[in-house]
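A.B. asks: This is work36.txt, which holds compact mmCIF, C-alpha atoms:
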```txt
# COMPACT_ATOMS: atom_id res chain seq x y z
CA MET A 1 -14.68 -13.55 26.01
CA TYR A 2 -17.08 -11.27 27.86
CA PRO A 3 -18.99 -12.00 31.11
CA ASN A 4 -22.60 -13.03 30.63
CA ALA A 5 -23.89 -9.92 32.42
CA LEU A 6 -22.01 -7.61 30.05
CA LEU A 7 -23.27 -9.45 26.97
CA THR A 8 -26.82 -9.24 28.27
CA GLN A 9 -26.46 -5.51 28.86
CA VAL A 10 -25.02 -4.98 25.38
CA ALA A 11 -27.77 -6.98 23.70
CA ARG A 12 -30.47 -5.04 25.52
CA SER A 13 -28.95 -1.59 24.86
CA ASN A 14 -27.92 -2.15 21.24
CA PRO A 15 -30.37 -0.06 19.13
CA PHE A 16 -29.81 -2.36 16.15
CA SER A 17 -30.41 -5.69 17.86
CA ALA A 18 -33.28 -7.94 16.82
CA PRO A 19 -36.45 -7.60 18.96
CA GLY A 20 -38.61 -10.38 20.28
CA PHE A 21 -36.04 -12.36 22.25
CA THR A 22 -35.96 -13.28 25.94
CA LEU A 23 -32.71 -13.57 27.81
CA GLN A 24 -32.01 -16.42 30.19
CA LYS A 25 -29.21 -16.92 32.61
CA VAL A 26 -26.82 -19.68 31.59
CA GLU A 27 -23.68 -21.15 33.05
CA GLU A 28 -20.43 -19.58 31.86
CA PRO A 29 -18.07 -22.12 30.30
CA SER A 30 -15.07 -22.85 32.46
CA GLN A 31 -12.64 -22.43 29.60
CA SER A 32 -12.51 -20.01 26.70
CA LEU A 33 -13.67 -21.02 23.28
CA THR A 34 -10.15 -20.50 22.02
CA ALA A 35 -8.81 -23.08 24.44
CA ASP A 36 -11.52 -25.60 23.54
CA HIS A 37 -11.60 -25.17 19.82
CA GLY A 38 -8.26 -23.71 18.78
CA PRO A 39 -7.55 -20.27 17.31
CA ARG A 40 -10.44 -17.97 16.57
CA LYS A 41 -11.70 -18.33 13.02
CA ARG A 42 -12.17 -15.42 10.66
CA THR A 43 -15.63 -14.04 11.25
CA LEU A 44 -16.51 -12.94 7.73
CA ALA A 45 -14.15 -14.79 5.42
CA ALA A 46 -14.70 -18.40 4.47
CA ALA A 47 -11.97 -20.91 5.18
CA ALA A 48 -12.05 -22.19 1.60
CA VAL A 49 -13.67 -21.49 -1.74
CA ALA A 50 -17.36 -22.33 -1.43
CA GLU A 51 -19.11 -24.41 -4.06
CA GLY A 52 -20.01 -22.27 -7.08
CA ASP A 53 -17.70 -19.39 -6.09
CA SER A 54 -14.70 -18.39 -8.19
CA CYS A 55 -12.53 -17.36 -5.22
CA GLU A 56 -12.31 -17.31 -1.44
CA PHE A 57 -14.22 -14.60 0.38
CA GLY A 58 -11.63 -12.12 1.66
CA SER A 59 -8.84 -13.19 -0.70
CA SER A 60 -6.74 -10.76 -2.75
CA HIS A 61 -8.57 -11.88 -5.90
CA TYR A 62 -11.89 -11.11 -4.23
CA PHE A 63 -10.79 -7.59 -3.25
CA ILE A 64 -9.46 -6.86 -6.75
CA MET A 65 -12.70 -7.96 -8.37
CA CYS A 66 -14.70 -5.87 -5.91
CA GLY A 67 -12.56 -2.87 -6.90
CA ILE A 68 -13.31 -3.54 -10.57
CA GLY A 69 -17.00 -3.74 -9.69
CA GLY A 70 -16.64 -0.35 -8.00
CA ILE A 71 -15.05 1.14 -11.14
CA LEU A 72 -17.89 -0.11 -13.33
CA SER A 73 -20.64 0.92 -10.93
CA CYS A 74 -19.41 4.43 -10.09
CA GLY A 75 -17.65 5.46 -13.32
CA THR A 76 -20.48 4.53 -15.67
CA THR A 77 -23.38 5.80 -13.55
CA HIS A 78 -21.88 9.20 -12.74
CA THR A 79 -20.95 9.72 -16.39
CA ALA A 80 -24.49 8.81 -17.47
CA VAL A 81 -26.01 11.61 -15.36
CA VAL A 82 -23.50 14.34 -16.29
CA PRO A 83 -26.26 16.56 -17.80
CA LEU A 84 -28.26 16.51 -14.57
CA ASP A 85 -25.08 17.00 -12.51
CA LEU A 86 -24.10 19.99 -14.67
CA VAL A 87 -27.47 21.69 -14.14
CA LYS A 88 -27.37 20.88 -10.43
CA CYS A 89 -23.91 22.47 -10.05
CA ARG A 90 -24.95 25.59 -11.97
CA LEU A 91 -28.10 25.89 -9.87
CA GLN A 92 -25.93 25.80 -6.74
CA VAL A 93 -23.36 28.40 -7.84
CA ASP A 94 -25.68 30.79 -9.75
CA PRO A 95 -29.26 30.42 -8.45
CA ASP A 96 -30.28 33.83 -9.79
CA LYS A 97 -29.67 32.72 -13.39
CA TYR A 98 -30.59 29.04 -13.14
CA LYS A 99 -33.75 29.30 -11.07
CA SER A 100 -34.91 25.70 -11.45
CA ILE A 101 -33.93 22.36 -12.98
CA PHE A 102 -36.00 22.96 -16.12
CA LYS A 103 -34.75 26.54 -16.44
CA GLY A 104 -31.21 25.28 -16.05
CA PHE A 105 -31.61 22.77 -18.87
CA SER A 106 -33.23 25.30 -21.21
CA ILE A 107 -30.59 28.00 -20.61
CA THR A 108 -27.73 25.52 -21.03
CA ILE A 109 -29.12 24.16 -24.30
CA LYS A 110 -29.82 27.68 -25.58
CA GLU A 111 -26.28 28.89 -24.81
CA ASP A 112 -24.18 25.78 -25.51
CA GLY A 113 -26.43 23.46 -27.52
CA MET A 114 -27.05 19.82 -26.70
CA ARG A 115 -23.31 19.15 -26.56
CA GLY A 116 -23.07 21.61 -23.71
CA LEU A 117 -24.92 19.18 -21.46
CA ALA A 118 -21.99 16.76 -21.71
CA LYS A 119 -19.40 19.20 -20.37
CA GLY A 120 -17.20 17.59 -17.75
CA TRP A 121 -17.81 13.98 -18.79
CA ALA A 122 -14.10 13.07 -18.95
CA PRO A 123 -13.08 14.17 -15.42
CA THR A 124 -16.35 12.68 -14.17
CA PHE A 125 -15.61 9.27 -15.66
CA ILE A 126 -11.95 9.18 -14.56
CA GLY A 127 -12.52 10.65 -11.12
CA TYR A 128 -15.49 8.54 -10.12
CA SER A 129 -13.94 5.38 -11.54
CA MET A 130 -10.98 5.92 -9.20
CA GLN A 131 -13.34 6.73 -6.36
CA GLY A 132 -15.38 3.58 -7.02
CA LEU A 133 -12.24 1.44 -7.02
CA CYS A 134 -11.29 2.69 -3.57
CA LYS A 135 -14.82 3.00 -2.16
CA PHE A 136 -16.02 -0.55 -2.83
CA GLY A 137 -12.64 -2.28 -2.77
CA PHE A 138 -11.48 -0.77 0.52
CA TYR A 139 -14.94 -1.16 2.08
CA GLU A 140 -14.66 -4.92 1.69
CA VAL A 141 -11.11 -4.82 3.07
CA PHE A 142 -11.98 -2.70 6.11
CA LYS A 143 -15.19 -4.61 6.84
CA ILE A 144 -13.34 -7.90 7.08
CA THR A 145 -10.38 -6.35 8.92
CA TYR A 146 -12.52 -4.66 11.56
CA SER A 147 -14.68 -7.77 11.93
CA ASP A 148 -11.62 -9.89 12.64
CA MET A 149 -10.48 -7.33 15.22
CA ILE A 150 -13.71 -7.39 17.26
CA GLY A 151 -14.71 -11.04 16.82
CA GLU A 152 -17.74 -12.87 15.48
CA GLU A 153 -20.15 -12.04 18.30
CA ASN A 154 -19.40 -8.32 18.39
CA THR A 155 -19.52 -8.24 14.60
CA TYR A 156 -23.16 -9.26 14.84
CA LEU A 157 -24.07 -7.11 17.85
CA TRP A 158 -22.46 -3.99 16.40
CA ARG A 159 -22.81 -4.69 12.69
CA THR A 160 -24.23 -1.24 11.88
CA SER A 161 -21.28 0.41 13.59
CA LEU A 162 -19.01 -1.92 11.62
CA TYR A 163 -20.61 -0.83 8.32
CA LEU A 164 -20.24 2.83 9.30
CA ALA A 165 -16.59 2.51 10.31
CA ALA A 166 -15.58 0.46 7.26
CA SER A 167 -17.32 2.78 4.79
CA ALA A 168 -15.91 5.94 6.40
CA SER A 169 -12.40 4.50 6.27
CA ALA A 170 -12.79 3.53 2.62
CA GLU A 171 -14.22 6.90 1.58
CA PHE A 172 -11.33 8.79 3.20
CA PHE A 173 -8.98 7.30 0.62
CA ALA A 174 -11.55 7.35 -2.19
CA ASP A 175 -11.92 11.13 -1.94
CA ILE A 176 -8.18 11.69 -2.22
CA ALA A 177 -8.37 9.83 -5.53
CA LEU A 178 -11.46 11.78 -6.62
CA ALA A 179 -10.48 15.34 -5.62
CA PRO A 180 -8.36 16.40 -8.66
CA MET A 181 -10.92 15.31 -11.23
CA GLU A 182 -13.82 16.72 -9.18
CA ALA A 183 -12.10 20.11 -9.15
CA CYS A 184 -11.68 20.02 -12.95
CA LYS A 185 -15.26 18.87 -13.49
CA VAL A 186 -16.79 21.68 -11.44
CA ARG A 187 -14.54 24.31 -13.05
CA ILE A 188 -15.56 23.17 -16.55
CA GLN A 189 -19.25 22.99 -15.70
CA THR A 190 -19.68 26.21 -13.71
CA GLN A 191 -17.33 28.66 -15.47
CA PRO A 192 -18.44 29.03 -19.10
CA GLY A 193 -15.48 29.91 -21.29
CA TYR A 194 -12.85 28.77 -18.79
CA ALA A 195 -12.20 25.41 -20.48
CA ASN A 196 -14.22 22.94 -22.51
CA THR A 197 -12.15 19.79 -22.00
CA LEU A 198 -10.04 18.14 -19.31
CA ARG A 199 -6.89 18.64 -21.40
CA GLN A 200 -7.51 22.38 -21.39
CA CYS A 201 -8.68 22.67 -17.80
CA ALA A 202 -6.05 20.74 -15.80
CA PRO A 203 -2.95 22.58 -17.13
CA LYS A 204 -4.70 25.95 -16.78
CA MET A 205 -5.66 25.29 -13.16
CA PHE A 206 -2.15 24.10 -12.35
CA ALA A 207 -0.60 27.21 -13.93
CA GLU A 208 -2.88 29.52 -11.94
CA GLU A 209 -2.92 27.89 -8.48
CA GLY A 210 -0.48 24.97 -8.53
CA VAL A 211 -1.26 21.56 -7.02
CA TRP A 212 -3.45 23.23 -4.39
CA ALA A 213 -6.06 23.90 -7.09
CA PHE A 214 -6.79 20.16 -7.25
CA TYR A 215 -6.89 19.47 -3.51
CA LYS A 216 -8.31 22.62 -1.94
CA GLY A 217 -11.72 20.97 -2.02
CA VAL A 218 -10.69 17.68 -0.43
CA VAL A 219 -11.82 18.64 3.10
CA PRO A 220 -15.30 19.74 1.96
CA LEU A 221 -15.28 16.62 -0.20
CA TRP A 222 -14.70 14.53 2.93
CA MET A 223 -17.51 16.47 4.62
CA ARG A 224 -19.82 15.61 1.72
CA GLN A 225 -18.73 12.11 0.78
CA ILE A 226 -17.94 10.46 4.12
CA PRO A 227 -21.44 10.99 5.59
CA TYR A 228 -22.87 10.09 2.17
CA THR A 229 -20.92 6.84 1.98
CA MET A 230 -21.59 5.91 5.60
CA MET A 231 -25.30 6.26 4.90
CA LYS A 232 -24.96 4.55 1.52
CA PHE A 233 -23.40 1.38 2.91
CA ALA A 234 -24.97 1.13 6.38
CA CYS A 235 -28.48 1.97 5.18
CA PHE A 236 -28.14 -0.41 2.24
CA GLU A 237 -26.88 -3.32 4.37
CA ARG A 238 -29.61 -2.92 6.97
CA THR A 239 -32.35 -2.33 4.38
CA VAL A 240 -31.41 -5.53 2.57
CA GLU A 241 -31.56 -7.35 5.89
CA LEU A 242 -35.00 -5.92 6.69
CA LEU A 243 -36.38 -6.55 3.20
CA TYR A 244 -35.50 -10.24 3.36
CA LYS A 245 -36.87 -10.47 6.88
CA HIS A 246 -40.17 -8.61 6.49
CA VAL A 247 -40.96 -8.06 2.79
CA VAL A 248 -39.56 -10.84 0.61
CA PRO A 249 -41.90 -13.83 1.05
CA LYS A 250 -39.16 -16.46 0.95
CA PRO A 251 -35.60 -16.87 2.28
CA ARG A 252 -32.76 -15.36 0.25
CA ALA A 253 -31.36 -18.82 -0.49
CA GLU A 254 -34.58 -19.69 -2.31
CA CYS A 255 -34.60 -16.48 -4.40
CA SER A 256 -33.22 -16.52 -7.92
CA LYS A 257 -30.26 -14.30 -8.80
CA GLY A 258 -32.65 -11.96 -10.62
CA GLU A 259 -34.92 -11.66 -7.58
CA GLN A 260 -31.92 -10.95 -5.37
CA LEU A 261 -30.80 -8.17 -7.73
CA VAL A 262 -34.26 -6.58 -7.54
CA VAL A 263 -33.92 -6.47 -3.75
CA THR A 264 -30.48 -4.92 -4.23
CA PHE A 265 -31.90 -2.19 -6.49
CA VAL A 266 -34.76 -1.32 -4.11
CA ALA A 267 -32.47 -1.18 -1.08
CA GLY A 268 -30.01 0.93 -3.07
CA TYR A 269 -32.64 3.52 -3.99
CA ILE A 270 -33.87 3.81 -0.40
CA ALA A 271 -30.29 4.33 0.76
CA GLY A 272 -29.70 6.88 -2.01
CA VAL A 273 -32.48 9.19 -0.87
CA PHE A 274 -31.00 9.42 2.62
CA CYS A 275 -27.51 9.81 1.14
CA ALA A 276 -28.55 12.88 -0.85
CA ILE A 277 -30.10 14.60 2.15
CA VAL A 278 -27.22 14.15 4.61
CA SER A 279 -24.52 15.19 2.13
CA HIS A 280 -26.18 18.04 0.21
CA PRO A 281 -24.98 21.06 2.25
CA ALA A 282 -21.35 20.01 1.80
CA ASP A 283 -21.99 19.34 -1.89
CA SER A 284 -23.13 22.95 -2.32
CA VAL A 285 -19.95 24.18 -0.63
CA VAL A 286 -17.76 22.02 -2.89
CA SER A 287 -19.47 23.33 -6.02
CA VAL A 288 -18.94 26.99 -5.13
CA LEU A 289 -15.45 26.37 -3.73
CA ASN A 290 -14.18 24.79 -6.94
CA LYS A 291 -15.78 27.52 -9.05
CA GLU A 292 -14.20 30.51 -7.31
CA SER A 293 -10.43 30.91 -7.15
CA GLY A 294 -9.04 31.76 -3.71
CA SER A 295 -12.26 30.89 -1.88
CA THR A 296 -12.40 28.96 1.41
CA ALA A 297 -14.97 26.56 2.84
CA ILE A 298 -15.81 28.91 5.75
CA GLY A 299 -16.19 31.85 3.38
CA VAL A 300 -18.50 29.89 1.08
CA LEU A 301 -20.66 28.75 4.01
CA LYS A 302 -21.11 32.35 5.17
CA LYS A 303 -21.94 33.44 1.63
CA LEU A 304 -24.54 30.73 1.03
CA GLY A 305 -26.24 30.91 4.41
CA PRO A 306 -28.58 28.30 5.95
CA LYS A 307 -31.00 28.32 3.00
CA GLY A 308 -28.42 28.57 0.22
CA VAL A 309 -26.75 25.25 1.08
CA TRP A 310 -30.01 23.44 0.28
CA LYS A 311 -30.38 24.81 -3.26
CA GLY A 312 -30.64 22.03 -5.83
CA LEU A 313 -31.68 19.37 -3.29
CA VAL A 314 -34.55 18.00 -5.41
CA ALA A 315 -32.25 17.53 -8.41
CA ARG A 316 -29.69 15.83 -6.21
CA ILE A 317 -32.24 13.46 -4.62
CA ILE A 318 -33.35 12.36 -8.09
CA MET A 319 -29.76 12.00 -9.25
CA ILE A 320 -28.31 10.33 -6.15
CA GLY A 321 -31.28 8.03 -5.55
CA THR A 322 -31.04 6.70 -9.08
CA LEU A 323 -27.25 6.61 -8.98
CA THR A 324 -27.05 4.71 -5.72
CA ALA A 325 -29.64 2.14 -6.82
CA LEU A 326 -27.84 1.58 -10.14
CA GLN A 327 -24.43 1.42 -8.46
CA TRP A 328 -25.50 -1.30 -6.06
CA PHE A 329 -27.28 -3.13 -8.88
CA ILE A 330 -24.18 -3.02 -11.12
CA TYR A 331 -21.83 -3.91 -8.26
CA ASP A 332 -23.94 -6.90 -7.22
CA SER A 333 -24.34 -7.93 -10.88
CA VAL A 334 -20.55 -7.98 -11.25
CA LYS A 335 -20.36 -10.30 -8.25
CA VAL A 336 -22.99 -12.56 -9.79
CA TYR A 337 -21.35 -12.57 -13.23
CA PHE A 338 -17.88 -13.41 -11.91
CA CYS A 339 -19.27 -15.87 -9.33
CA LEU A 340 -17.85 -13.92 -6.40
CA PRO A 341 -18.92 -14.84 -2.85
CA ARG A 342 -22.12 -13.03 -1.77
CA PRO A 343 -22.76 -13.78 1.91
CA PRO A 344 -26.40 -13.78 3.07
CA PRO A 345 -27.71 -11.20 5.58
CA PRO A 346 -26.07 -11.73 8.99
CA GLU A 347 -27.59 -14.03 11.59
CA MET A 348 -26.85 -14.24 15.29
CA PRO A 349 -23.97 -16.68 15.91
CA GLU A 350 -24.90 -19.87 17.73
CA SER A 351 -22.26 -19.15 20.38
CA LEU A 352 -23.95 -15.83 21.20
CA LYS A 353 -27.39 -17.44 21.35
CA LYS A 354 -26.04 -20.01 23.77
CA LYS A 355 -24.38 -17.40 25.99
CA LEU A 356 -27.48 -15.21 26.12
CA GLY A 357 -29.85 -18.13 26.52
CA ILE A 358 -31.99 -16.73 23.73
CA THR A 359 -35.28 -18.35 22.82
CA GLU A 360 -37.41 -17.05 19.95
```
Can you give me the file's structure in the form of structure tokens?
C.D. replies:
Amino acid sequence: MYPNALLTQVARSNPFSAPGFTLQKVEEPSQSLTADHGPRKRTLAAAAVAEGDSCEFGSSHYFIMCGIGGILSCGTTHTAVVPLDLVKCRLQVDPDKYKSIFKGFSITIKEDGMRGLAKGWAPTFIGYSMQGLCKFGFYEVFKITYSDMIGEENTYLWRTSLYLAASASAEFFADIALAPMEACKVRIQTQPGYANTLRQCAPKMFAEEGVWAFYKGVVPLWMRQIPYTMMKFACFERTVELLYKHVVPKPRAECSKGEQLVVTFVAGYIAGVFCAIVSHPADSVVSVLNKESGSTAIGVLKKLGPKGVWKGLVARIIMIGTLTALQWFIYDSVKVYFCLPRPPPPEMPESLKKKLGITE
């Protein structure tokens, strides 16, 4: 374990630590906790299935069900807002024609009819279902894995860093799964006449540019989605913690499942607003990059300029805020429905309190 002086320094300097504590000097134990109490226990996973849960926290069954929850939360929500996404993409790639959200809707309906607003629904559903599987499933895997690596006390002290690292790792793989369908979606939505369906678009793109057509946007996708997902998970986790601590008038254990889901929705929407802002410039690059054959990320950035990358931000805040709130609500609802473990907000371990001599 760590010397008392180092732990004290860490607790004081950690920007995410809880305020209002005093630190007292205490005697260091002569032997390590491992020697006294056996091997170190898993810090996030329960040793057995808790009462009322359908599986053990951190088991293979748990991870699979979390992946299914990710499919339902991401696939359905992104497909539901395809019309808004279509207008947002067209506003980004052709701002002279689609000058505003309302103008974009009216022009699209005038040219393509109401059915035109649904263009790109198939690649959206498939792509974001695969992304949701990896995003939520791998997040749970990496969160537990990294927690076990750093130990229970550091998991609490550096929990925000843990959320950021786990979500970034998960999104790296999620974007590889998303990239081909994202490329098809943007091509269908932003190039009228190119293709109307996924079955038309994918073979045509492959014939023109090969496999590269589906993955040339993966780096900008990482630039957009990794900061987005880091904000989505870290902001959500900490907002939930703060809501239960300062807003909700009773402990989480005393809240009904419905009340807990309301907290989930509110925290999800707050996280979504920040997600949209941090990831929007890269989103603009991805939209233009997938529209224009032979284009590069650097070339698109130079073409758009500092102001151009922020086009369509209002539409994206509305879309992403709603999406993120619904995704967390659906994901948490899946956990409730299938009786999956749902750990409460983290609390400082007793061992750390004892080492730091903390008194409230």
A.B. asks: Would you list the contacts of A:Tyr331 as a list in words, taking every protein, DNA or RNA residue within 9 Å and counting all atoms listed in the file, but skipping same-chain residues closer than 2 positions in sequence?
C.D. replies: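 The neighbour list is Cys66, Ile68, Gly69, Gly70, Ile71, Leu72, Ser73, Cys74, Phe136, Leu326, Gln327, Trp328, Phe329, Ser333, Val334, Lys335 and Val336 of chain A.
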A.B. asks: Which one is closest to A:Phe214: A:Gly113, A:Gly258, A:Pro192, A:Pro180? Count all atoms listed in the file.
C.D. replies: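 Residue with the minimum atom-to-atom distance to A:Phe214: A:Pro180.
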A.B. asks: Report as a tab-separated table the residues of stretch 232-297 of chain A within 9 Å of stretch 153-172 of chain A, each with its shortest atom pair and distance in Å (one decimal), using only C-alpha atoms, ordered by chain and increasing residue number.
C.D. replies:
```
residue	atom	partner	partner_atom	distance
A:Lys232	CA	A:Ser167	CA	8.5
A:Phe233	CA	A:Tyr163	CA	6.5
A:Ala234	CA	A:Tyr163	CA	5.2
A:Cys235	CA	A:Thr160	CA	8.6
A:Glu237	CA	A:Tyr163	CA	7.8
A:Arg238	CA	A:Thr160	CA	7.5
```
A.B. asks: Give the answer as one residue: which of A:Leu304, A:Ile226, A:Ile330, A:Ala213 has the shortest atom-to-atom distance to A:Ser279, using only C-alpha atoms?
C.D. replies: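 Comparing A:Leu304, A:Ile226, A:Ile330, A:Ala213 against A:Ser279, the winner is A:Ile226.
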A.B. asks: Counting all atoms listed in the file, figure out which residue out of A:Thr190, A:Ile64, A:Cys134, A:Ser129 gets nearest to A:Lys97.
C.D. replies: A:Thr190
A.B. asks: Quick one: pull the distance between atom CA of A:Phe274 and atom CA of A:Tyr62, Å, one decimal.
C.D. replies: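 Separation between atom CA of A:Phe274 and atom CA of A:Tyr62: 28.9 Å.
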A.B. asks: Take atom CA of A:Val273 and atom CA of A:Ile318 and report the distance between them in Å, one decimal.
C.D. replies: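 One can read the atom CA of A:Val273 to atom CA of A:Ile318 distance as 7.9 Å.
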